[in-house]
$ cat input-v9.txt   # compact mmCIF, C-alpha atoms
# COMPACT_ATOMS: atom_id res chain seq x y z
CA GLN A 3 -16.56 -9.63 -6.59
CA VAL A 4 -13.75 -7.23 -5.76
CA GLN A 5 -10.27 -8.52 -4.96
CA MET A 6 -7.21 -6.52 -3.98
CA VAL A 7 -4.08 -8.41 -5.05
CA GLU A 8 -0.69 -7.28 -3.76
CA SER A 9 2.71 -8.13 -5.19
CA GLY A 10 6.32 -7.03 -4.83
CA GLY A 11 7.20 -8.02 -1.29
CA GLY A 12 10.32 -9.93 -0.39
CA LEU A 13 13.67 -9.85 1.33
CA VAL A 14 15.92 -6.84 0.88
CA GLN A 15 19.06 -5.56 2.58
CA PRO A 16 19.02 -2.35 4.61
CA GLY A 17 19.32 0.62 2.29
CA GLY A 18 17.70 -1.26 -0.56
CA SER A 19 14.46 -0.66 -2.44
CA LEU A 20 11.24 -2.49 -3.19
CA ARG A 21 8.15 -1.57 -5.14
CA LEU A 22 4.80 -2.88 -4.02
CA SER A 23 1.83 -3.06 -6.34
CA CYS A 24 -1.82 -3.64 -5.60
CA ALA A 25 -4.36 -4.20 -8.33
CA ALA A 26 -8.06 -4.02 -7.63
CA SER A 27 -9.97 -6.49 -9.76
CA GLY A 28 -13.67 -6.14 -10.22
CA SER A 29 -15.73 -2.99 -10.28
CA ILE A 30 -15.31 -0.49 -7.46
CA PHE A 31 -17.54 2.54 -7.82
CA ARG A 32 -16.17 5.89 -6.74
CA ILE A 33 -12.95 5.06 -4.95
CA GLY A 34 -12.19 7.90 -2.58
CA ALA A 35 -8.75 6.76 -1.48
CA MET A 36 -6.24 3.96 -1.82
CA GLY A 37 -3.17 3.22 0.17
CA TRP A 38 -1.09 0.95 2.35
CA TYR A 39 -1.04 -0.13 5.95
CA ARG A 40 1.53 -2.36 7.58
CA GLN A 41 1.70 -4.56 10.63
CA ALA A 42 4.94 -5.62 12.23
CA PRO A 43 5.15 -8.60 14.60
CA GLY A 44 3.69 -7.71 17.98
CA LYS A 45 2.55 -4.27 16.82
CA GLU A 46 -0.71 -2.71 15.74
CA ARG A 47 -1.52 -2.09 12.10
CA GLU A 48 -0.45 1.42 11.07
CA LEU A 49 -1.09 3.62 8.07
CA VAL A 50 1.98 3.90 5.84
CA ALA A 51 0.72 6.03 2.97
CA GLY A 52 -2.52 7.04 1.33
CA ILE A 53 -3.61 8.80 -1.84
CA ILE A 54 -7.01 10.35 -2.38
CA SER A 55 -8.92 10.70 -5.62
CA GLY A 56 -7.68 14.26 -6.13
CA GLY A 57 -4.07 13.10 -5.97
CA ASN A 58 -3.15 14.39 -2.52
CA THR A 59 -0.97 12.05 -0.51
CA ASN A 60 -0.16 11.50 3.13
CA TYR A 61 2.59 9.51 4.79
CA ALA A 62 3.52 8.21 8.19
CA ASP A 63 6.31 10.34 9.66
CA SER A 64 8.56 7.29 9.78
CA VAL A 65 8.52 6.87 5.98
CA LYS A 66 8.42 10.47 4.74
CA GLY A 67 11.16 11.12 2.23
CA ARG A 68 11.76 7.40 1.69
CA PHE A 69 8.43 6.02 0.42
CA THR A 70 6.37 7.27 -2.50
CA ILE A 71 2.77 6.33 -3.21
CA SER A 72 1.15 6.59 -6.62
CA ASN A 73 -1.86 5.15 -8.36
CA ILE A 74 -3.41 4.53 -11.72
CA SER A 75 -7.16 4.76 -11.99
CA ARG A 76 -8.54 4.40 -15.48
CA ASP A 77 -12.13 3.52 -14.73
CA ASN A 78 -14.18 1.73 -12.14
CA THR A 79 -12.66 -1.61 -13.04
CA ARG A 80 -8.95 -0.82 -13.27
CA ASN A 81 -7.35 0.66 -10.19
CA THR A 82 -3.77 0.05 -9.11
CA VAL A 83 -1.81 1.58 -6.26
CA TYR A 84 1.96 1.45 -5.92
CA LEU A 85 4.35 1.99 -3.05
CA GLN A 86 7.95 2.72 -3.95
CA MET A 87 10.07 2.05 -0.89
CA ASP A 88 13.65 3.34 -0.84
CA SER A 89 16.32 3.46 1.85
CA LEU A 90 14.63 0.59 3.62
CA LYS A 91 15.38 -0.02 7.27
CA PRO A 92 15.00 -3.13 9.42
CA GLU A 93 12.12 -1.43 11.22
CA ASP A 94 10.21 -1.38 7.94
CA THR A 95 9.87 -5.14 8.20
CA ALA A 96 6.16 -5.94 8.26
CA VAL A 97 3.25 -7.35 6.34
CA TYR A 98 1.98 -4.62 4.03
CA TYR A 99 -1.73 -4.43 3.21
CA CYS A 100 -3.29 -2.35 0.50
CA TYR A 101 -6.78 -0.91 0.77
CA ALA A 102 -9.34 0.95 -1.29
CA ASP A 103 -12.02 3.13 0.28
CA ALA A 104 -15.29 3.31 -1.60
CA ARG A 105 -18.76 2.59 -0.26
CA MET A 106 -16.89 0.07 1.86
CA THR A 107 -13.23 -0.60 2.49
CA TYR A 108 -11.56 -3.36 0.50
CA TRP A 109 -8.40 -5.02 1.77
CA GLY A 110 -5.66 -7.11 0.27
CA LYS A 111 -4.35 -10.23 1.99
CA GLY A 112 -0.94 -8.70 2.60
CA THR A 113 2.58 -9.08 1.30
CA LEU A 114 5.60 -9.61 3.54
CA VAL A 115 8.51 -7.19 3.41
CA THR A 116 11.64 -8.24 5.27
CA VAL A 117 14.58 -5.85 5.61
CA SER A 118 17.60 -7.70 6.89
CA SER A 119 21.26 -8.23 6.17
$ encode --input "input-v9.txt" --output "structure tokens"
Amino acid sequence: QVQMVESGGGLVQPGGSLRLSCAASGSIFRIGAMGWYRQAPGKERELVAGIISGGNTNYADSVKGRFTISNISRDNTRNTVYLQMDSLKPEDTAVYYCYADARMTYWGKGTLVTVSS
């Protein structure tokens, strides 16, 4: 059974940094893409960043230049995606969810990021 387990969320002051990690446990055959969504209170879930199997990345306009996505994929059973978040702003406050697209989409349970002074 596949599980996506996030870590790295927490409370940070504006201008600070956090690094989120998401490890996929279990075998996922042919992952096409991994990435992160977020959902702020009262708002819809939005794509933050994604990385496809060839290494190309895409970012929401609101995080370009501040967030960096990367991943490690050694085989079908060890896949990890990271989100380095710098220059954080209060509007980045949200629950962050990682995902992996394969024959189906796998989701993590979310990790809370709070940016506040």
$ closest_residue --input "input-v9.txt" --among "A:Glu8, A:Asp103, A:Asp94, A:Glu48" --to "Ile33 of chain A" --atoms "only C-alpha atoms"
A:Asp103
$ residues_near_point --input "input-v9.txt" --point "(-0.3, 5.9, 2.0)" --cutoff "6 Å" --atoms "all atoms listed in the file" --output "PDB file with C-alpha atoms, in the coordinates of the input"
ATOM      1  CA  GLY A  37      -3.170   3.220   0.170  1.00  0.00           C
ATOM      2  CA  TRP A  38      -1.090   0.950   2.350  1.00  0.00           C
ATOM      3  CA  VAL A  50       1.980   3.900   5.840  1.00  0.00           C
ATOM      4  CA  ALA A  51       0.720   6.030   2.970  1.00  0.00           C
ATOM      5  CA  GLY A  52      -2.520   7.040   1.330  1.00  0.00           C
ATOM      6  CA  ILE A  53      -3.610   8.800  -1.840  1.00  0.00           C
ATOM      7  CA  ASN A  60      -0.160  11.500   3.130  1.00  0.00           C
ATOM      8  CA  TYR A  61       2.590   9.510   4.790  1.00  0.00           C
TER       9      TYR A  61
END
$ closest_residue --input "input-v9.txt" --among "A:Glu93, A:Tyr84, A:Gly112, A:Met106" --to "Lys45 of chain A" --atoms "only C-alpha atoms"
A:Glu93
$ residues_around --input "input-v9.txt" --residues "Leu114 of chain A" --least-positions-apart "3" --cutoff "10 Å" --atoms "all atoms listed in the file" --output "number ranges by chain"
A: 8-13, 40-42, 95-99, 117
$ atom_distance --input "input-v9.txt" --atom1 "atom CA of Val4 of chain A" --atom2 "atom CA of Ala104 of chain A"
11.4 Å
$ atom_distance --input "input-v9.txt" --atom1 "atom CA of Gln15 of chain A" --atom2 "atom CA of Val115 of chain A"
10.7 Å
$ residues_around --input "input-v9.txt" --residues "Thr70 of chain A" --least-positions-apart "2" --cutoff "7 Å" --atoms "all atoms listed in the file" --output "number ranges by chain"
A: 68, 72, 85-87
$ atom_distance --input "input-v9.txt" --atom1 "atom CA of Ala25 of chain A" --atom2 "atom CA of Pro92 of chain A"
26.3 Å
$ axis_aligned_box --input "input-v9.txt" --around "segment 50-69 of chain A" --padding-each-side "5 Å" --output "JSON"
{"center_x": 1.4, "center_y": 9.1, "center_z": 1.8, "size_x": 30.7, "size_y": 20.5, "size_z": 25.9}
$ closest_residue --input "input-v9.txt" --among "A:Val83, A:Ile54, A:Ile30, A:Val65" --to "Cys100 of chain A" --atoms "all atoms listed in the file"
A:Val83
$ residues_around --input "input-v9.txt" --residues "Gln5 of chain A" --least-positions-apart "2" --cutoff "7 Å" --atoms "only C-alpha atoms" --output "PyMOL selection string"
chain A and resi 3+7+26-28
$ closest_residue --input "input-v9.txt" --among "A:Tyr101, A:Ser64, A:Lys91, A:Ser75" --to "Ser119 of chain A" --atoms "all atoms listed in the file"
A:Lys91
$ closest_residue --input "input-v9.txt" --among "A:Ser118, A:Ser23, A:Ile71, A:Ser89" --to "Ala35 of chain A" --atoms "only C-alpha atoms"
A:Ile71
$ closest_residue --input "input-v9.txt" --among "A:Arg47, A:Leu22, A:Leu90, A:Gly17" --to "Thr113 of chain A" --atoms "all atoms listed in the file"
A:Leu22
$ decode --input "input-v9.txt" --residues "chain A" --atoms "C-alpha atoms" --output "PDB file, in the first residue's frame"
ATOM      1  CA  GLN A   3       0.000   0.000   0.000  1.00  0.00           C
ATOM      2  CA  VAL A   4       1.366   3.391  -0.992  1.00  0.00           C
ATOM      3  CA  GLN A   5       1.626   6.197   1.544  1.00  0.00           C
ATOM      4  CA  MET A   6       2.816   9.752   0.984  1.00  0.00           C
ATOM      5  CA  VAL A   7       4.270  11.114   4.224  1.00  0.00           C
ATOM      6  CA  GLU A   8       5.002  14.831   4.518  1.00  0.00           C
ATOM      7  CA  SER A   9       7.249  16.538   7.037  1.00  0.00           C
ATOM      8  CA  GLY A  10       8.835  19.930   7.620  1.00  0.00           C
ATOM      9  CA  GLY A  11       5.882  22.199   8.245  1.00  0.00           C
ATOM     10  CA  GLY A  12       5.680  24.586  11.155  1.00  0.00           C
ATOM     11  CA  LEU A  13       5.647  28.185  12.275  1.00  0.00           C
ATOM     12  CA  VAL A  14       8.071  30.638  10.712  1.00  0.00           C
ATOM     13  CA  GLN A  15       8.414  34.413  10.688  1.00  0.00           C
ATOM     14  CA  PRO A  16       7.927  36.402   7.495  1.00  0.00           C
ATOM     15  CA  GLY A  17      11.098  36.312   5.436  1.00  0.00           C
ATOM     16  CA  GLY A  18      12.100  32.965   6.876  1.00  0.00           C
ATOM     17  CA  SER A  19      12.570  29.576   5.236  1.00  0.00           C
ATOM     18  CA  LEU A  20      11.194  26.069   5.544  1.00  0.00           C
ATOM     19  CA  ARG A  21      11.904  22.853   3.702  1.00  0.00           C
ATOM     20  CA  LEU A  22       9.106  20.384   3.158  1.00  0.00           C
ATOM     21  CA  SER A  23       9.767  16.747   2.408  1.00  0.00           C
ATOM     22  CA  CYS A  24       7.443  14.050   1.147  1.00  0.00           C
ATOM     23  CA  ALA A  25       8.464  10.429   0.996  1.00  0.00           C
ATOM     24  CA  ALA A  26       6.442   7.898  -0.941  1.00  0.00           C
ATOM     25  CA  SER A  27       6.511   4.522   0.760  1.00  0.00           C
ATOM     26  CA  GLY A  28       5.519   1.435  -1.118  1.00  0.00           C
ATOM     27  CA  SER A  29       5.919   0.705  -4.789  1.00  0.00           C
ATOM     28  CA  ILE A  30       4.681   3.265  -7.297  1.00  0.00           C
ATOM     29  CA  PHE A  31       5.209   2.201 -10.884  1.00  0.00           C
ATOM     30  CA  ARG A  32       6.140   4.863 -13.407  1.00  0.00           C
ATOM     31  CA  ILE A  33       5.649   8.120 -11.553  1.00  0.00           C
ATOM     32  CA  GLY A  34       5.052  10.824 -14.129  1.00  0.00           C
ATOM     33  CA  ALA A  35       5.117  13.799 -11.796  1.00  0.00           C
ATOM     34  CA  MET A  36       5.366  14.783  -8.164  1.00  0.00           C
ATOM     35  CA  GLY A  37       4.681  18.054  -6.490  1.00  0.00           C
ATOM     36  CA  TRP A  38       2.859  20.177  -3.973  1.00  0.00           C
ATOM     37  CA  TYR A  39      -0.525  21.792  -3.643  1.00  0.00           C
ATOM     38  CA  ARG A  40      -1.672  24.029  -0.833  1.00  0.00           C
ATOM     39  CA  GLN A  41      -4.970  25.111   0.627  1.00  0.00           C
ATOM     40  CA  ALA A  42      -5.383  28.222   2.716  1.00  0.00           C
ATOM     41  CA  PRO A  43      -8.394  28.742   4.998  1.00  0.00           C
ATOM     42  CA  GLY A  44     -11.464  29.617   2.964  1.00  0.00           C
ATOM     43  CA  LYS A  45      -9.666  29.125  -0.349  1.00  0.00           C
ATOM     44  CA  GLU A  46      -9.506  26.421  -2.977  1.00  0.00           C
ATOM     45  CA  ARG A  47      -6.576  24.059  -3.238  1.00  0.00           C
ATOM     46  CA  GLU A  48      -3.960  25.408  -5.649  1.00  0.00           C
ATOM     47  CA  LEU A  49      -0.892  23.982  -7.334  1.00  0.00           C
ATOM     48  CA  VAL A  50       2.310  25.341  -5.807  1.00  0.00           C
ATOM     49  CA  ALA A  51       4.992  23.463  -7.731  1.00  0.00           C
ATOM     50  CA  GLY A  52       5.417  20.319  -9.765  1.00  0.00           C
ATOM     51  CA  ILE A  53       8.272  18.310 -11.224  1.00  0.00           C
ATOM     52  CA  ILE A  54       7.921  15.787 -14.010  1.00  0.00           C
ATOM     53  CA  SER A  55       9.970  12.668 -14.583  1.00  0.00           C
ATOM     54  CA  GLY A  56      12.244  14.443 -17.062  1.00  0.00           C
ATOM     55  CA  GLY A  57      13.137  17.059 -14.466  1.00  0.00           C
ATOM     56  CA  ASN A  58      11.133  19.992 -15.803  1.00  0.00           C
ATOM     57  CA  THR A  59       9.467  22.082 -13.139  1.00  0.00           C
ATOM     58  CA  ASN A  60       6.567  24.483 -12.944  1.00  0.00           C
ATOM     59  CA  TYR A  61       5.552  26.947 -10.264  1.00  0.00           C
ATOM     60  CA  ALA A  62       2.616  29.093  -9.322  1.00  0.00           C
ATOM     61  CA  ASP A  63       3.330  32.715 -10.201  1.00  0.00           C
ATOM     62  CA  SER A  64       2.999  33.662  -6.553  1.00  0.00           C
ATOM     63  CA  VAL A  65       5.977  31.509  -5.518  1.00  0.00           C
ATOM     64  CA  LYS A  66       8.327  31.852  -8.500  1.00  0.00           C
ATOM     65  CA  GLY A  67      11.776  32.918  -7.393  1.00  0.00           C
ATOM     66  CA  ARG A  68      11.067  31.999  -3.771  1.00  0.00           C
ATOM     67  CA  PHE A  69      10.256  28.268  -3.820  1.00  0.00           C
ATOM     68  CA  THR A  70      12.312  25.463  -5.316  1.00  0.00           C
ATOM     69  CA  ILE A  71      11.082  21.940  -5.964  1.00  0.00           C
ATOM     70  CA  SER A  72      13.352  18.935  -6.313  1.00  0.00           C
ATOM     71  CA  ASN A  73      13.040  15.194  -6.076  1.00  0.00           C
ATOM     72  CA  ILE A  74      14.965  12.012  -5.625  1.00  0.00           C
ATOM     73  CA  SER A  75      13.748   8.946  -7.455  1.00  0.00           C
ATOM     74  CA  ARG A  76      15.951   5.906  -7.136  1.00  0.00           C
ATOM     75  CA  ASP A  77      13.535   3.179  -8.090  1.00  0.00           C
ATOM     76  CA  ASN A  78       9.870   2.371  -7.907  1.00  0.00           C
ATOM     77  CA  THR A  79       9.983   2.107  -4.130  1.00  0.00           C
ATOM     78  CA  ARG A  80      11.980   5.186  -3.128  1.00  0.00           C
ATOM     79  CA  ASN A  81      10.633   8.519  -4.261  1.00  0.00           C
ATOM     80  CA  THR A  82      10.958  11.757  -2.328  1.00  0.00           C
ATOM     81  CA  VAL A  83       9.961  15.266  -3.300  1.00  0.00           C
ATOM     82  CA  TYR A  84      11.167  18.416  -1.570  1.00  0.00           C
ATOM     83  CA  LEU A  85       9.953  21.988  -1.488  1.00  0.00           C
ATOM     84  CA  GLN A  86      12.448  24.606  -0.362  1.00  0.00           C
ATOM     85  CA  MET A  87      10.515  27.700   0.629  1.00  0.00           C
ATOM     86  CA  ASP A  88      12.417  30.958   1.088  1.00  0.00           C
ATOM     87  CA  SER A  89      11.314  34.539   1.690  1.00  0.00           C
ATOM     88  CA  LEU A  90       8.070  33.265   3.136  1.00  0.00           C
ATOM     89  CA  LYS A  91       5.110  35.603   3.353  1.00  0.00           C
ATOM     90  CA  PRO A  92       1.993  35.500   5.526  1.00  0.00           C
ATOM     91  CA  GLU A  93      -0.038  34.657   2.429  1.00  0.00           C
ATOM     92  CA  ASP A  94       1.938  31.429   2.117  1.00  0.00           C
ATOM     93  CA  THR A  95       0.158  30.169   5.217  1.00  0.00           C
ATOM     94  CA  ALA A  96      -1.704  27.009   4.248  1.00  0.00           C
ATOM     95  CA  VAL A  97      -1.819  23.262   4.532  1.00  0.00           C
ATOM     96  CA  TYR A  98       0.614  21.846   1.992  1.00  0.00           C
ATOM     97  CA  TYR A  99      -0.151  18.520   0.316  1.00  0.00           C
ATOM     98  CA  CYS A 100       2.261  16.472  -1.726  1.00  0.00           C
ATOM     99  CA  TYR A 101       1.152  14.263  -4.597  1.00  0.00           C
ATOM    100  CA  ALA A 102       2.521  11.693  -6.998  1.00  0.00           C
ATOM    101  CA  ASP A 103       0.950  11.038 -10.387  1.00  0.00           C
ATOM    102  CA  ALA A 104       1.250   7.496 -11.668  1.00  0.00           C
ATOM    103  CA  ARG A 105      -1.556   5.221 -12.820  1.00  0.00           C
ATOM    104  CA  MET A 106      -3.505   7.068 -10.155  1.00  0.00           C
ATOM    105  CA  THR A 107      -2.784  10.117  -8.054  1.00  0.00           C
ATOM    106  CA  TYR A 108      -1.496   9.574  -4.527  1.00  0.00           C
ATOM    107  CA  TRP A 109      -1.887  12.273  -1.888  1.00  0.00           C
ATOM    108  CA  GLY A 110      -0.314  13.039   1.436  1.00  0.00           C
ATOM    109  CA  LYS A 111      -2.386  14.055   4.442  1.00  0.00           C
ATOM    110  CA  GLY A 112      -0.926  17.549   4.517  1.00  0.00           C
ATOM    111  CA  THR A 113       1.447  19.559   6.658  1.00  0.00           C
ATOM    112  CA  LEU A 114       0.610  22.987   8.066  1.00  0.00           C
ATOM    113  CA  VAL A 115       2.820  25.959   7.268  1.00  0.00           C
ATOM    114  CA  THR A 116       2.148  29.120   9.253  1.00  0.00           C
ATOM    115  CA  VAL A 117       3.966  32.345   8.408  1.00  0.00           C
ATOM    116  CA  SER A 118       3.436  34.876  11.141  1.00  0.00           C
ATOM    117  CA  SER A 119       5.325  37.252  13.374  1.00  0.00           C
TER     118      SER A 119
END
